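Engineer: I am attaching a structure below and will ask some questions about it afterwards.
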Amino acid sequence: MRRRGLKILRVALAAVVFAGLAAAFLDFRGLVPAPLAHWLAAIQFVPALVVLATGGAAVAAVVIVVATLAFGRVYCAVVCPLGIAQDVIGWIARAFHLRRRLLPFARANNGLRYGVLVATLATLAVGGASIASSHTDPYSNFGRVVSGLFRPVIVAANNALVTPATALGFAGLYRVNPPWPAPAILWPALVVLVLVTALAVWRGRIYCNTLCPVGTVLGLMAGRSAFRLRLDRSACSKCAECLRTCKAQCIDLRAGAIDASRCVACYNCIDACAQHGIAYRWSWGRDTAGPVRVALPDLGRRAFLANGSVAIATAAGANRLLAGSGPGADEGKSSRAICPPGAGGIDRFVERCTACQLCVSACPTHVLQPALGEYGFPGFMKPRLDYTAAFCNFDCQRCAEVCPAGAIARQTLAAKQVTRIGLARLDLDQCIVKTKGTDCAACSEHCPTKAVDTVPYGDGLRLPQVTDDLCIGCGACEYACPALPHKAIKVTGRRWHEVAVKRMEGKARDPRKGGGFPF
């Protein structure tokens, strides 16, 4: 029972992390507590590195590095949701006999895995931190797959159950608009899902050991970890039971060695070995002695170059991230994209956001939607505010509460309520008061800061007007405006966020609750 302890602990912790993150990304009713969602996301490697590179206190990044140098790639086995998902896929594949039981030892494909790492570091070094962190992070890829592909299906299933549940007297279900992203957003997530699934069915954790730069970086550290899994040749009977359970194909029975750089610390081999021939052993100072030498990849110059590249890219990426954190020449200029309060501005947000879309899932009004070209290519799939879909709730800070990378910084509610992310602009030629002679004032009724007011117009009518100093760009006015096909009031984003003047005159009405407006 004692030798099964490591595997049982690993499976239990992985199940908690995976279930918690999956629930956070699938949540469409706000049931998952924001602190839980934030904590599970904040212990992911890439978001923690972003926080560290931008001057934050990233305890998680330090803990992951220390744990890897001590015990190998425990992060890949316990914390990484995409890695855990591959284990689930592999288990299903074996249950349905879609994958052969025995995966023999295979040599490391160092050319591919270090090639991907170098390409990632080169992108980071030339200022592409936002691209590198978004599209190579396994956690963020997992988030986009679950949020973009599975969440709408769950919502559709919920809606299908509403009618029968109501007929049976159960009132706990209600309809929710399915959050289907644009096809251009779905395709990248679908490609990742198909690729990861196919590779997991074919050869277990091969994605983690060839295409994932996070796995490669951690593998470089794990190859020199203090404690490593070792084969005891005197106890090994060559029964190959360990090969039947190894998902990384890193156990070489002929050489009596385990490639620690590819081992994902699942501990299946320890559980499977009836002779107790596999166990953690102290390894520092023993790499060149004894009959059980660990088979490490032959790095040579590659290791030197890779380690040097890591240092250079990290410094360059950090400088780039920090450079995007303060006002620059573009301050005050408008933008066609609108980023959330707390982001500071477009440049800072795009550089720091990893596009995991946890905030998209957490947003109660669903105003946050993945961007297409609004931020440019570096901002592809990063959240933007879409006022055709909803508005930014005046009293809500959910996105900042869950963001793991600090791309949406936490503020006091009072500070958030005067953060100007955009400005409302009127086109009176589209206003129904002027075009149809109809009384309206929907924009003014729903403005939480009273930036939109009305002035007398004609026979007892009133036209809207905007006071820029009071406007925060929350989008309630645009969302409430009944003018079609073109809104009479629209919000344009601010490239760098500003502070508005505070003036409250009672509580504004929620655009979703009607009361005669919008029409």
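Here's how to read the names in the structure tokens: chain A, B, ... by the order shown, residue numbers from 1 in each chain, ligand numbers from 1 in the order shown.
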Find the residues of range 374-460 of chain A that sit at most 10 Å from range 124-138 of chain A; for each, write down the nearest two atoms and how far apart they are in Å, to one decimal. Count only C-alpha atoms. Sort by chain, then by number going up, and give it as JSON lines.
Structural biologist:
{"residue": "A:Phe377", "atom": "CA", "partner": "A:Ile131", "partner_atom": "CA", "distance": 8.3}
{"residue": "A:Pro378", "atom": "CA", "partner": "A:Ile131", "partner_atom": "CA", "distance": 5.5}
{"residue": "A:Gly379", "atom": "CA", "partner": "A:Ser130", "partner_atom": "CA", "distance": 7.4}
{"residue": "A:Phe380", "atom": "CA", "partner": "A:Ile131", "partner_atom": "CA", "distance": 8.6}
{"residue": "A:Met381", "atom": "CA", "partner": "A:Ser134", "partner_atom": "CA", "distance": 8.7}
{"residue": "A:Lys382", "atom": "CA", "partner": "A:Ser134", "partner_atom": "CA", "distance": 8.5}
Engineer: Fewer than 3 positions away in the same chain doesn't count, so skip those; otherwise give me all residues within 6 Å of range 51-68 of chain A, counting only C-alpha atoms, as a ChimeraX atom specification.
Structural biologist: /A:43,45,48,71-73,222,318,322,405
Engineer: Could you check the closest approach to Leu13 in chain A for each of A:Ile185, A:Leu49, A:Val78, A:Val491 and tell me which residue wins, using only C-alpha atoms?
Structural biologist: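 Selected residue with least distance to Leu13 in chain A: A:Val78.
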Engineer: One decimal, Å: what's the distance from CA of Ala156 in chain A over to CA of Tyr139 in chain A, could you say?
Structural biologist: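 Between CA of Ala156 in chain A and CA of Tyr139 in chain A the gap is 24.9 Å.
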Engineer: Taking the chain letters and numbering used in this document, name the residues of range 42-176 of chain A that DSSP puts in helix (DSSP H, G or I), as a ChimeraX atom specification.
Structural biologist: /A:42,45-53,59-71,74-78,81-95,110-125,129-135,138-167
Engineer: Calculate how many Å separate CA of Pro456 in chain A from CA of Cys392 in chain A, rounding to one decimal.
Structural biologist: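 Going from CA of Pro456 in chain A over to CA of Cys392 in chain A covers 28.8 Å.
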Engineer: Enter the distance from CA of Arg233 in chain A to CA of Cys263 in chain A, in Å, rounded to one decimal.
Structural biologist: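 Going from CA of Arg233 in chain A over to CA of Cys263 in chain A, I get 18.6 Å.
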Engineer: With only C-alpha atoms as the counted atoms, please give the residues lying no more than 9 Å from Ala279 in chain A, apart from itself and same-chain residues fewer than 4 positions off, as a ChimeraX atom specification.
Structural biologist: /A:3,228-232,270
Engineer: From the set A:Gly437, A:Gly406, A:Pro213, A:Pro340, which residue has the shortest atom-to-atom contact distance to Ile472 in chain A, counting only C-alpha atoms?
Structural biologist: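 Between A:Gly437, A:Gly406, A:Pro213, A:Pro340, the residue approaching Ile472 in chain A most closely is A:Pro340.
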Engineer: Could you give me, as a list in words, each residue of range 223-260 of chain A that DSSP assigns to strand (DSSP E) when run on this structure's backbone?
Structural biologist: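 Strand (DSSP E) members of range 223-260 of chain A, listed: Phe227, Arg228, Leu229, Arg230, Leu231, Ile251, Asp252, Ala257 and Ile258 of chain A.
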Engineer: Using only C-alpha atoms, which protein or nucleic acid residues come within 6 Å of Gly493 in chain A? Drop anything in the same chain fewer than 3 positions from it, and give the result as a PyMOL selection string.
Structural biologist: chain A and resi 334-338+421-422
Engineer: Quick one: residues within 9 Å of range 4-6 of chain A, only C-alpha atoms, excluding same-chain residues fewer than 6 positions away - as a PyMOL selection string?
Structural biologist: chain A and resi 266-268+270-272
Engineer: Restricted to N, CA, C and O atoms, what would the selected residues look like written as a PDB file, in the first residue's frame?
Structural biologist:
ATOM      1  N   CYS A 266       4.114  10.594 -13.006  1.00  0.00           N
ATOM      2  CA  CYS A 266       2.773  10.041 -12.765  1.00  0.00           C
ATOM      3  C   CYS A 266       2.805   8.925 -11.729  1.00  0.00           C
ATOM      4  O   CYS A 266       1.768   8.572 -11.160  1.00  0.00           O
ATOM      5  N   TYR A 267       3.988   8.312 -11.516  1.00  0.00           N
ATOM      6  CA  TYR A 267       4.209   7.250 -10.533  1.00  0.00           C
ATOM      7  C   TYR A 267       3.475   5.954 -10.866  1.00  0.00           C
ATOM      8  O   TYR A 267       3.340   5.073 -10.008  1.00  0.00           O
ATOM      9  N   ASN A 268       2.990   5.828 -12.096  1.00  0.00           N
ATOM     10  CA  ASN A 268       2.344   4.575 -12.492  1.00  0.00           C
ATOM     11  C   ASN A 268       3.318   3.410 -12.449  1.00  0.00           C
ATOM     12  O   ASN A 268       2.942   2.274 -12.106  1.00  0.00           O
ATOM     13  N   ILE A 270       5.896   2.952 -10.465  1.00  0.00           N
ATOM     14  CA  ILE A 270       6.128   2.524  -9.082  1.00  0.00           C
ATOM     15  C   ILE A 270       5.010   1.593  -8.632  1.00  0.00           C
ATOM     16  O   ILE A 270       5.245   0.547  -8.004  1.00  0.00           O
ATOM     17  N   ASP A 271       3.783   1.957  -8.978  1.00  0.00           N
ATOM     18  CA  ASP A 271       2.620   1.158  -8.606  1.00  0.00           C
ATOM     19  C   ASP A 271       2.615  -0.187  -9.318  1.00  0.00           C
ATOM     20  O   ASP A 271       2.186  -1.192  -8.761  1.00  0.00           O
ATOM     21  N   ALA A 272       3.110  -0.214 -10.576  1.00  0.00           N
ATOM     22  CA  ALA A 272       3.030  -1.429 -11.381  1.00  0.00           C
ATOM     23  C   ALA A 272       4.136  -2.431 -11.071  1.00  0.00           C
ATOM     24  O   ALA A 272       3.974  -3.633 -11.326  1.00  0.00           O
TER      25      ALA A 272
END
Engineer: Which residue gives the smallest distance to Ile432 in chain A among A:Pro485, A:Gly344, A:Pro188, A:Pro383, with only C-alpha atoms counted?
Structural biologist: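 Smallest separation from Ile432 in chain A among the options: A:Pro485.
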Engineer: Given the choices A:Pro448, A:Arg503, A:Thr388, A:Pro404, which gets closest to Ile489 in chain A if the distance is worked out from only C-alpha atoms?
Structural biologist: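 Ranking A:Pro448, A:Arg503, A:Thr388, A:Pro404 by distance to Ile489 in chain A, first place goes to A:Thr388.
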Engineer: Have a look at A:Ile206, A:Val16, A:Leu423, A:Ala200 and name the one nearest to Arg94 in chain A; count only C-alpha atoms.
Structural biologist: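 Comparing A:Ile206, A:Val16, A:Leu423, A:Ala200 against Arg94 in chain A, the winner is A:Ala200.
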